[in-house]
Amino acid sequence: MTLSSTNKTILIAPLNWGLGHATRCIPIIKALQENNYIPIIASDGISLELLRKEFPYIQTLELPSYQIEYTKNGKNFKWKLLQNSPKMMKAVLTEKKMIKKWVKKYAIEGIISDNRLGVFSKKIPSVFITHQLNVMTGNTTWITSKMHQHIIKKYKECWVPDVDGIPNLTGKLGHLEKTDLELKYIGPLSRFHKKETPKQYDLMIILSGPEPQRGLLEEKLKKEILKYDGKIIFIKGIVEKDQKKEQIGNVTYYNFMNTRQLEQTFNESEMVLCRSGYTTIMDLVKLEKKAFFIPTPGQFEQEYLAEKLEKEGLVPYAKQDDFKIENIFEVQYYRGLTGFGNSLNWTELFDIFEK
């Protein structure tokens with residue numbers, strides 16, 4: 001079947017939790033356009049701002065904020081989430097009502113929700129994207145996982161951005177021993193492409209995620225890199241109206257970069273220091289880069305992924321409080337993130353919207 005004649009409108013809605021959910025939707029949005037669908041983007045906060053910069057000519061809609069907050073002490077993160085859960089549930093109920101209206105108003109014929117729990121309609125094919133079939137929350141993992149799987153079950157399909165079988169990237173996060181969920185493993189998603197280009201930087205530092213942890217890591221790394229002699233490019237991960245560049249000694253600072261600039265910078269860098277967020281991991285896979293991880297304190301998923309990939313000899317990591325700049329030289333003893341690539345047939349994947 002060809003999709004050359006379709007003009008169906010598809011709503012794509014990533015969660016605003018850091019920038020990862022938004023950035024991994026970029027290749028999906030481009031593929032929708034290439035297959036003659038009309039995407040409408042819906043999100044909030046910095047995720048919506050980033051996608052508006054990437055796709056200035058695509059219609060965007062604003063959803064309510066889930067008001068996800070971090071704590072200065074990572075150990076308190078789970079309790080902060082529980083404390084904020086009434087606000088989150090209120091936002092989910094609000095977005096359910098908004099989606100119901102938007103389906104009629106904008107003649108939407110398909111939905112792709114990246115972890116937005118209220119973006120769903122029984123009337124049209126609705127797809128959920130997640131790499132977390134199991135949701136890591138420490139000693140409450142069993143109940144948060146069951147709750148998440150219950151939500152996923154109402155969707156027509158669940159797209160998991162990983163490979164099925166072993167080896168894989170997500171481990172027990174994205175793989176279940178038994179399930180009746182309609183799962184499709186679509187392989188790692190990334191907006192980037194690997195290019196052979198001369199190296200310009202010895203170290204690329206890229207920050208992401210909600211405050212205050214993003215800012216705390218920035219301040220720590222600014223002190224640590226004073227002891228590093230190589231050439232550094234430091235992207236703070238602060239999406240603002242205007243891009244700012246600052247040169248201090250051997251370090252070039254940017255507040256943010258667009259996709260084209262980031263792709264070029266990744267390719268020009270020898271190694272990468274970053275969080276172990278799953279979208280970043282997928283980007284590194286696509287670019288076949290060596291990296292060092294500092295998981296966000298208290299975020300069980302990032303801690304699990306960092307531990308898994310270090311254990312498998314792929315990427316070293318350190319806890320935020322323990323990190324010293326000398327740690328990055330451990331990278332040379334690890335294999336890096338290679339061998340997980342795949343070719344995705346978008347036409348087959350989007351067939352769900354043609355049924």
# chains A, B, ... in the order shown; residues from 1 in each chain; ligands from 1

$ residues_around --residues "Trp17 of chain A" --least-positions-apart "5" --cutoff "9 Å" --atoms "only C-alpha atoms" --output "VMD selection string"
chain A and resid 22 46 to 47 66 68 209 to 210

$ write_last_selection --atoms "N, CA, C and O atoms" --output "PDB file, in the first residue's frame"
ATOM      1  N   ALA A  22      10.177  15.267  23.399  1.00  0.00           N
ATOM      2  CA  ALA A  22       9.966  16.143  22.239  1.00  0.00           C
ATOM      3  C   ALA A  22      10.949  15.829  21.124  1.00  0.00           C
ATOM      4  O   ALA A  22      10.557  15.710  19.955  1.00  0.00           O
ATOM      5  N   ILE A  46       8.852  23.899  27.675  1.00  0.00           N
ATOM      6  CA  ILE A  46      10.037  23.955  26.797  1.00  0.00           C
ATOM      7  C   ILE A  46       9.946  22.941  25.657  1.00  0.00           C
ATOM      8  O   ILE A  46      10.534  23.157  24.600  1.00  0.00           O
ATOM      9  N   SER A  47       9.205  21.851  25.847  1.00  0.00           N
ATOM     10  CA  SER A  47       9.037  20.871  24.765  1.00  0.00           C
ATOM     11  C   SER A  47       8.279  21.492  23.596  1.00  0.00           C
ATOM     12  O   SER A  47       8.651  21.322  22.436  1.00  0.00           O
ATOM     13  N   TYR A  66       1.929  19.065  33.373  1.00  0.00           N
ATOM     14  CA  TYR A  66       1.837  18.042  34.418  1.00  0.00           C
ATOM     15  C   TYR A  66       2.514  18.509  35.709  1.00  0.00           C
ATOM     16  O   TYR A  66       2.441  17.829  36.728  1.00  0.00           O
ATOM     17  N   ILE A  68       5.648  18.619  36.676  1.00  0.00           N
ATOM     18  CA  ILE A  68       6.651  17.695  37.209  1.00  0.00           C
ATOM     19  C   ILE A  68       7.808  18.506  37.782  1.00  0.00           C
ATOM     20  O   ILE A  68       8.382  19.347  37.098  1.00  0.00           O
ATOM     21  N   GLY A 209      16.961  18.061  31.108  1.00  0.00           N
ATOM     22  CA  GLY A 209      16.133  17.708  32.253  1.00  0.00           C
ATOM     23  C   GLY A 209      15.642  18.917  33.015  1.00  0.00           C
ATOM     24  O   GLY A 209      16.135  20.036  32.844  1.00  0.00           O
ATOM     25  N   PRO A 210      14.661  18.691  33.896  1.00  0.00           N
ATOM     26  CA  PRO A 210      14.060  19.795  34.660  1.00  0.00           C
ATOM     27  C   PRO A 210      14.992  20.341  35.731  1.00  0.00           C
ATOM     28  O   PRO A 210      15.962  19.705  36.137  1.00  0.00           O
TER      29      PRO A 210
END

$ select_by_dssp --residues "segment 151-246 of chain A" --states "strand (DSSP E)" --output "ChimeraX atom specification"
/A:157-160,183-185,201-206,232-235,245-246

$ closest_atom_pairs --of "segment 242-353 of chain A" --to "segment 184-204 of chain A" --cutoff "7 Å" --atoms "only C-alpha atoms" --output "JSON lines"
{"residue": "A:Glu263", "atom": "CA", "partner": "A:Phe192", "partner_atom": "CA", "distance": 5.6}
{"residue": "A:Asn267", "atom": "CA", "partner": "A:Lys195", "partner_atom": "CA", "distance": 6.2}
{"residue": "A:Glu268", "atom": "CA", "partner": "A:Lys199", "partner_atom": "CA", "distance": 4.4}
{"residue": "A:Ser269", "atom": "CA", "partner": "A:Tyr201", "partner_atom": "CA", "distance": 4.7}
{"residue": "A:Glu270", "atom": "CA", "partner": "A:Asp202", "partner_atom": "CA", "distance": 5.0}
{"residue": "A:Met271", "atom": "CA", "partner": "A:Leu203", "partner_atom": "CA", "distance": 5.2}
{"residue": "A:Val272", "atom": "CA", "partner": "A:Met204", "partner_atom": "CA", "distance": 4.8}
{"residue": "A:Leu273", "atom": "CA", "partner": "A:Met204", "partner_atom": "CA", "distance": 6.2}
{"residue": "A:Met282", "atom": "CA", "partner": "A:Pro188", "partner_atom": "CA", "distance": 5.4}
{"residue": "A:Asp283", "atom": "CA", "partner": "A:Ser190", "partner_atom": "CA", "distance": 5.2}
{"residue": "A:Lys286", "atom": "CA", "partner": "A:His193", "partner_atom": "CA", "distance": 6.4}
{"residue": "A:Leu287", "atom": "CA", "partner": "A:Lys194", "partner_atom": "CA", "distance": 4.6}
{"residue": "A:Gly341", "atom": "CA", "partner": "A:Pro188", "partner_atom": "CA", "distance": 7.0}
{"residue": "A:Asn342", "atom": "CA", "partner": "A:Gly187", "partner_atom": "CA", "distance": 6.1}
{"residue": "A:Leu344", "atom": "CA", "partner": "A:Ile186", "partner_atom": "CA", "distance": 6.6}

$ write_last_selection --atoms "N, CA and C atoms" --output "compact mmCIF listing (two decimals), in the first residue's frame"
# COMPACT_ATOMS: atom_id res chain seq x y z
N GLU A 263 23.58 18.18 15.71
CA GLU A 263 24.07 17.06 14.92
C GLU A 263 25.51 17.29 14.50
N ASN A 267 28.91 15.19 15.93
CA ASN A 267 29.82 14.54 14.98
C ASN A 267 31.25 15.08 15.09
N GLU A 268 31.39 16.34 15.51
CA GLU A 268 32.70 16.97 15.61
C GLU A 268 33.40 16.70 16.96
N SER A 269 32.70 15.99 17.87
CA SER A 269 33.22 15.79 19.23
C SER A 269 33.76 14.37 19.43
N GLU A 270 34.87 14.27 20.14
CA GLU A 270 35.51 12.99 20.40
C GLU A 270 34.68 12.15 21.36
N MET A 271 34.20 12.75 22.45
CA MET A 271 33.36 12.03 23.40
C MET A 271 32.37 12.99 24.03
N VAL A 272 31.35 12.39 24.70
CA VAL A 272 30.21 13.17 25.20
C VAL A 272 30.01 12.89 26.68
N LEU A 273 29.76 13.96 27.44
CA LEU A 273 29.41 13.86 28.86
C LEU A 273 27.97 14.34 29.00
N MET A 282 19.64 6.96 22.74
CA MET A 282 19.29 6.65 21.35
C MET A 282 20.07 7.53 20.38
N ASP A 283 20.26 8.80 20.72
CA ASP A 283 21.06 9.70 19.87
C ASP A 283 22.50 9.20 19.76
N LYS A 286 22.73 6.23 17.41
CA LYS A 286 22.67 6.63 15.99
C LYS A 286 24.01 7.23 15.54
N LEU A 287 24.65 7.97 16.44
CA LEU A 287 25.90 8.65 16.10
C LEU A 287 27.14 7.79 16.38
N GLY A 341 21.53 -0.29 15.51
CA GLY A 341 20.78 0.40 14.46
C GLY A 341 19.79 -0.50 13.75
N ASN A 342 18.79 0.11 13.14
CA ASN A 342 17.81 -0.66 12.36
C ASN A 342 17.18 0.26 11.32
N LEU A 344 13.70 1.47 9.72
CA LEU A 344 12.29 1.50 10.08
C LEU A 344 11.44 1.77 8.84

$ closest_residue --among "A:Glu95, A:Glu34, A:Asp44, A:Asp114" --to "Pro14 of chain A" --atoms "only C-alpha atoms"
A:Asp114

$ residues_around --residues "Pro64 of chain A" --least-positions-apart "6" --cutoff "12 Å" --atoms "only C-alpha atoms" --output "list in words"
Ala13, Leu15, Asn16, Ala42, Ser43, Asp44, Gly45, Leu48, Lys87, Met88, Met89, Lys90, Ala91, Val92, Leu93, Thr94, Glu95, Lys96, Lys97, Met98, Ile99, Arg116, Leu117, Gly118 and Val119 of chain A

$ closest_residue --among "A:Ile124, A:Leu173, A:Cys274, A:Ile129" --to "Trp142 of chain A" --atoms "only C-alpha atoms"
A:Leu173

$ residues_around --residues "Lys244 of chain A" --least-positions-apart "3" --cutoff "8 Å" --atoms "only C-alpha atoms" --output "PDB file with N, CA, C and O atoms, in the first residue's frame"
ATOM      1  N   TYR A 253      30.535  28.004  25.335  1.00  0.00           N
ATOM      2  CA  TYR A 253      29.219  27.784  25.947  1.00  0.00           C
ATOM      3  C   TYR A 253      28.092  28.203  24.996  1.00  0.00           C
ATOM      4  O   TYR A 253      28.194  29.229  24.319  1.00  0.00           O
ATOM      5  N   TYR A 254      27.035  27.386  24.947  1.00  0.00           N
ATOM      6  CA  TYR A 254      25.781  27.740  24.275  1.00  0.00           C
ATOM      7  C   TYR A 254      24.636  27.497  25.257  1.00  0.00           C
ATOM      8  O   TYR A 254      24.698  26.544  26.049  1.00  0.00           O
ATOM      9  N   ASN A 255      23.603  28.337  25.189  1.00  0.00           N
ATOM     10  CA  ASN A 255      22.419  28.050  26.017  1.00  0.00           C
ATOM     11  C   ASN A 255      21.627  26.883  25.423  1.00  0.00           C
ATOM     12  O   ASN A 255      21.166  26.004  26.148  1.00  0.00           O
ATOM     13  N   PHE A 256      21.511  26.846  24.101  1.00  0.00           N
ATOM     14  CA  PHE A 256      20.869  25.723  23.406  1.00  0.00           C
ATOM     15  C   PHE A 256      21.338  25.706  21.964  1.00  0.00           C
ATOM     16  O   PHE A 256      21.947  26.656  21.475  1.00  0.00           O
TER      17      PHE A 256
END

$ residues_around --residues "Val331 of chain A" --least-positions-apart "5" --cutoff "8 Å" --atoms "only C-alpha atoms" --output "list in words"
Lys290, Ala291, Phe292, Val315 and Pro316 of chain A

$ atom_distance --atom1 "atom CA of Lys227 of chain A" --atom2 "atom CA of Glu330 of chain A"
16.2 Å

$ atom_distance --atom1 "atom CA of Asn134 of chain A" --atom2 "atom CA of Gly20 of chain A"
18.1 Å

$ closest_residue --among "A:Gly165, A:Gly277, A:Pro56, A:Gly110" --to "Arg24 of chain A" --atoms "only C-alpha atoms"
A:Gly277

$ closest_residue --among "A:Glu224, A:Glu211, A:Glu303, A:Glu219" --to "Ile238 of chain A" --atoms "only C-alpha atoms"
A:Glu211

$ residues_around --residues "Gly174 of chain A" --least-positions-apart "2" --cutoff "9 Å" --atoms "only C-alpha atoms" --output "PDB file with N, CA, C and O atoms, in the first residue's frame"
ATOM      1  N   THR A 130       6.378   4.629  24.333  1.00  0.00           N
ATOM      2  CA  THR A 130       7.102   4.586  25.601  1.00  0.00           C
ATOM      3  C   THR A 130       8.220   3.548  25.531  1.00  0.00           C
ATOM      4  O   THR A 130       8.106   2.566  24.800  1.00  0.00           O
ATOM      5  N   HIS A 131       9.277   3.798  26.270  1.00  0.00           N
ATOM      6  CA  HIS A 131      10.312   2.776  26.465  1.00  0.00           C
ATOM      7  C   HIS A 131      10.198   2.217  27.880  1.00  0.00           C
ATOM      8  O   HIS A 131      11.019   1.407  28.288  1.00  0.00           O
ATOM      9  N   GLN A 132       9.172   2.657  28.615  1.00  0.00           N
ATOM     10  CA  GLN A 132       8.986   2.239  29.999  1.00  0.00           C
ATOM     11  C   GLN A 132       7.704   1.419  30.162  1.00  0.00           C
ATOM     12  O   GLN A 132       6.688   1.926  30.622  1.00  0.00           O
ATOM     13  N   LEU A 133       7.765   0.161  29.752  1.00  0.00           N
ATOM     14  CA  LEU A 133       6.653  -0.733  30.037  1.00  0.00           C
ATOM     15  C   LEU A 133       6.640  -1.036  31.535  1.00  0.00           C
ATOM     16  O   LEU A 133       5.582  -1.250  32.135  1.00  0.00           O
ATOM     17  N   ASN A 134       7.812  -1.063  32.119  1.00  0.00           N
ATOM     18  CA  ASN A 134       7.965  -1.081  33.578  1.00  0.00           C
ATOM     19  C   ASN A 134       8.470   0.291  34.005  1.00  0.00           C
ATOM     20  O   ASN A 134       9.429   0.806  33.416  1.00  0.00           O
ATOM     21  N   VAL A 160       7.469   0.848  20.978  1.00  0.00           N
ATOM     22  CA  VAL A 160       8.609   0.851  21.896  1.00  0.00           C
ATOM     23  C   VAL A 160       9.870   1.166  21.097  1.00  0.00           C
ATOM     24  O   VAL A 160      10.261   0.384  20.226  1.00  0.00           O
ATOM     25  N   PRO A 161      10.521   2.303  21.365  1.00  0.00           N
ATOM     26  CA  PRO A 161      11.718   2.669  20.595  1.00  0.00           C
ATOM     27  C   PRO A 161      12.965   1.918  21.062  1.00  0.00           C
ATOM     28  O   PRO A 161      13.892   2.477  21.647  1.00  0.00           O
ATOM     29  N   ASP A 162      12.978   0.638  20.801  1.00  0.00           N
ATOM     30  CA  ASP A 162      14.094  -0.240  21.137  1.00  0.00           C
ATOM     31  C   ASP A 162      13.981  -1.463  20.240  1.00  0.00           C
ATOM     32  O   ASP A 162      13.011  -1.613  19.493  1.00  0.00           O
ATOM     33  N   ASP A 164      13.632  -5.630  19.872  1.00  0.00           N
ATOM     34  CA  ASP A 164      13.130  -6.785  20.612  1.00  0.00           C
ATOM     35  C   ASP A 164      14.278  -7.787  20.774  1.00  0.00           C
ATOM     36  O   ASP A 164      15.209  -7.806  19.987  1.00  0.00           O
ATOM     37  N   LEU A 169      18.612  -2.087  24.471  1.00  0.00           N
ATOM     38  CA  LEU A 169      19.034  -0.892  25.212  1.00  0.00           C
ATOM     39  C   LEU A 169      18.298  -0.701  26.532  1.00  0.00           C
ATOM     40  O   LEU A 169      18.863  -0.195  27.492  1.00  0.00           O
ATOM     41  N   THR A 170      17.025  -1.097  26.584  1.00  0.00           N
ATOM     42  CA  THR A 170      16.207  -0.751  27.751  1.00  0.00           C
ATOM     43  C   THR A 170      16.153  -1.835  28.815  1.00  0.00           C
ATOM     44  O   THR A 170      15.739  -1.570  29.943  1.00  0.00           O
ATOM     45  N   GLY A 171      16.534  -3.068  28.481  1.00  0.00           N
ATOM     46  CA  GLY A 171      16.468  -4.148  29.471  1.00  0.00           C
ATOM     47  C   GLY A 171      15.052  -4.366  29.967  1.00  0.00           C
ATOM     48  O   GLY A 171      14.099  -4.370  29.193  1.00  0.00           O
ATOM     49  N   LYS A 172      14.892  -4.502  31.283  1.00  0.00           N
ATOM     50  CA  LYS A 172      13.566  -4.782  31.835  1.00  0.00           C
ATOM     51  C   LYS A 172      12.651  -3.564  31.823  1.00  0.00           C
ATOM     52  O   LYS A 172      11.456  -3.702  32.066  1.00  0.00           O
ATOM     53  N   LEU A 176       8.832  -7.137  28.599  1.00  0.00           N
ATOM     54  CA  LEU A 176       8.029  -7.880  29.570  1.00  0.00           C
ATOM     55  C   LEU A 176       8.122  -9.366  29.275  1.00  0.00           C
ATOM     56  O   LEU A 176       8.168  -9.771  28.112  1.00  0.00           O
TER      57      LEU A 176
END

$ select_by_dssp --residues "segment 240-324 of chain A" --states "alpha helix (DSSP H)" --output "PyMOL selection string"
chain A and resi 259-268+278-287+300-311

$ write_last_selection --atoms "N, CA and C atoms" --output "compact mmCIF listing (two decimals), in the first residue's frame"
# COMPACT_ATOMS: atom_id res chain seq x y z
N THR A 259 18.51 21.43 16.01
CA THR A 259 18.87 20.07 15.60
C THR A 259 20.09 20.03 14.68
N ARG A 260 20.11 20.92 13.70
CA ARG A 260 21.23 20.92 12.73
C ARG A 260 22.56 21.21 13.42
N GLN A 261 22.57 22.19 14.32
CA GLN A 261 23.80 22.54 15.04
C GLN A 261 24.24 21.42 15.97
N LEU A 262 23.28 20.80 16.66
CA LEU A 262 23.62 19.71 17.59
C LEU A 262 24.19 18.52 16.83
N GLU A 263 23.58 18.18 15.71
CA GLU A 263 24.07 17.06 14.92
C GLU A 263 25.51 17.29 14.50
N GLN A 264 25.80 18.50 14.03
CA GLN A 264 27.16 18.84 13.61
C GLN A 264 28.13 18.76 14.79
N THR A 265 27.70 19.28 15.95
CA THR A 265 28.57 19.31 17.13
C THR A 265 28.84 17.91 17.66
N PHE A 266 27.82 17.07 17.71
CA PHE A 266 28.02 15.68 18.12
C PHE A 266 29.06 15.01 17.22
N ASN A 267 28.91 15.19 15.93
CA ASN A 267 29.82 14.54 14.98
C ASN A 267 31.25 15.08 15.09
N GLU A 268 31.39 16.34 15.51
CA GLU A 268 32.70 16.97 15.61
C GLU A 268 33.40 16.70 16.96
N TYR A 278 16.96 8.29 28.20
CA TYR A 278 16.89 7.31 27.12
C TYR A 278 16.98 7.95 25.73
N THR A 279 16.44 9.13 25.55
CA THR A 279 16.54 9.78 24.24
C THR A 279 17.99 10.10 23.91
N THR A 280 18.74 10.56 24.89
CA THR A 280 20.17 10.81 24.68
C THR A 280 20.90 9.53 24.31
N ILE A 281 20.55 8.44 24.97
CA ILE A 281 21.16 7.14 24.65
C ILE A 281 20.88 6.76 23.20
N MET A 282 19.64 6.96 22.74
CA MET A 282 19.29 6.65 21.35
C MET A 282 20.07 7.53 20.38
N ASP A 283 20.26 8.80 20.72
CA ASP A 283 21.06 9.70 19.87
C ASP A 283 22.50 9.20 19.76
N LEU A 284 23.06 8.78 20.88
CA LEU A 284 24.44 8.29 20.89
C LEU A 284 24.57 7.00 20.08
N VAL A 285 23.53 6.16 20.11
CA VAL A 285 23.51 4.94 19.29
C VAL A 285 23.58 5.29 17.81
N LYS A 286 22.73 6.23 17.41
CA LYS A 286 22.67 6.63 15.99
C LYS A 286 24.01 7.23 15.54
N LEU A 287 24.65 7.97 16.44
CA LEU A 287 25.90 8.65 16.10
C LEU A 287 27.14 7.79 16.38
N PHE A 300 15.08 6.89 38.96
CA PHE A 300 15.42 5.46 38.95
C PHE A 300 15.70 4.95 37.55
N GLU A 301 14.95 5.46 36.56
CA GLU A 301 15.13 5.00 35.18
C GLU A 301 16.55 5.29 34.68
N GLN A 302 17.00 6.54 34.87
CA GLN A 302 18.34 6.91 34.42
C GLN A 302 19.42 6.15 35.17
N GLU A 303 19.21 5.94 36.46
CA GLU A 303 20.17 5.18 37.25
C GLU A 303 20.24 3.73 36.78
N TYR A 304 19.08 3.15 36.48
CA TYR A 304 19.05 1.77 35.99
C TYR A 304 19.76 1.64 34.64
N LEU A 305 19.47 2.56 33.72
CA LEU A 305 20.08 2.50 32.39
C LEU A 305 21.60 2.68 32.47
N ALA A 306 22.06 3.61 33.32
CA ALA A 306 23.50 3.83 33.46
C ALA A 306 24.18 2.58 34.01
N GLU A 307 23.58 1.96 35.02
CA GLU A 307 24.15 0.74 35.62
C GLU A 307 24.17 -0.40 34.60
N LYS A 308 23.06 -0.54 33.84
CA LYS A 308 22.96 -1.62 32.85
C LYS A 308 24.04 -1.48 31.77
N LEU A 309 24.19 -0.28 31.23
CA LEU A 309 25.12 -0.08 30.12
C LEU A 309 26.58 -0.16 30.59
N GLU A 310 26.84 0.24 31.84
CA GLU A 310 28.20 0.07 32.36
C GLU A 310 28.50 -1.42 32.56
N LYS A 311 27.55 -2.14 33.12
CA LYS A 311 27.73 -3.58 33.37
C LYS A 311 28.00 -4.34 32.08

$ closest_residue --among "A:Gly336, A:Asn139, A:Trp346, A:Thr9" --to "Lys30 of chain A" --atoms "only C-alpha atoms"
A:Trp346

$ atom_distance --atom1 "atom CA of Thr347 of chain A" --atom2 "atom CA of Ile58 of chain A"
21.0 Å
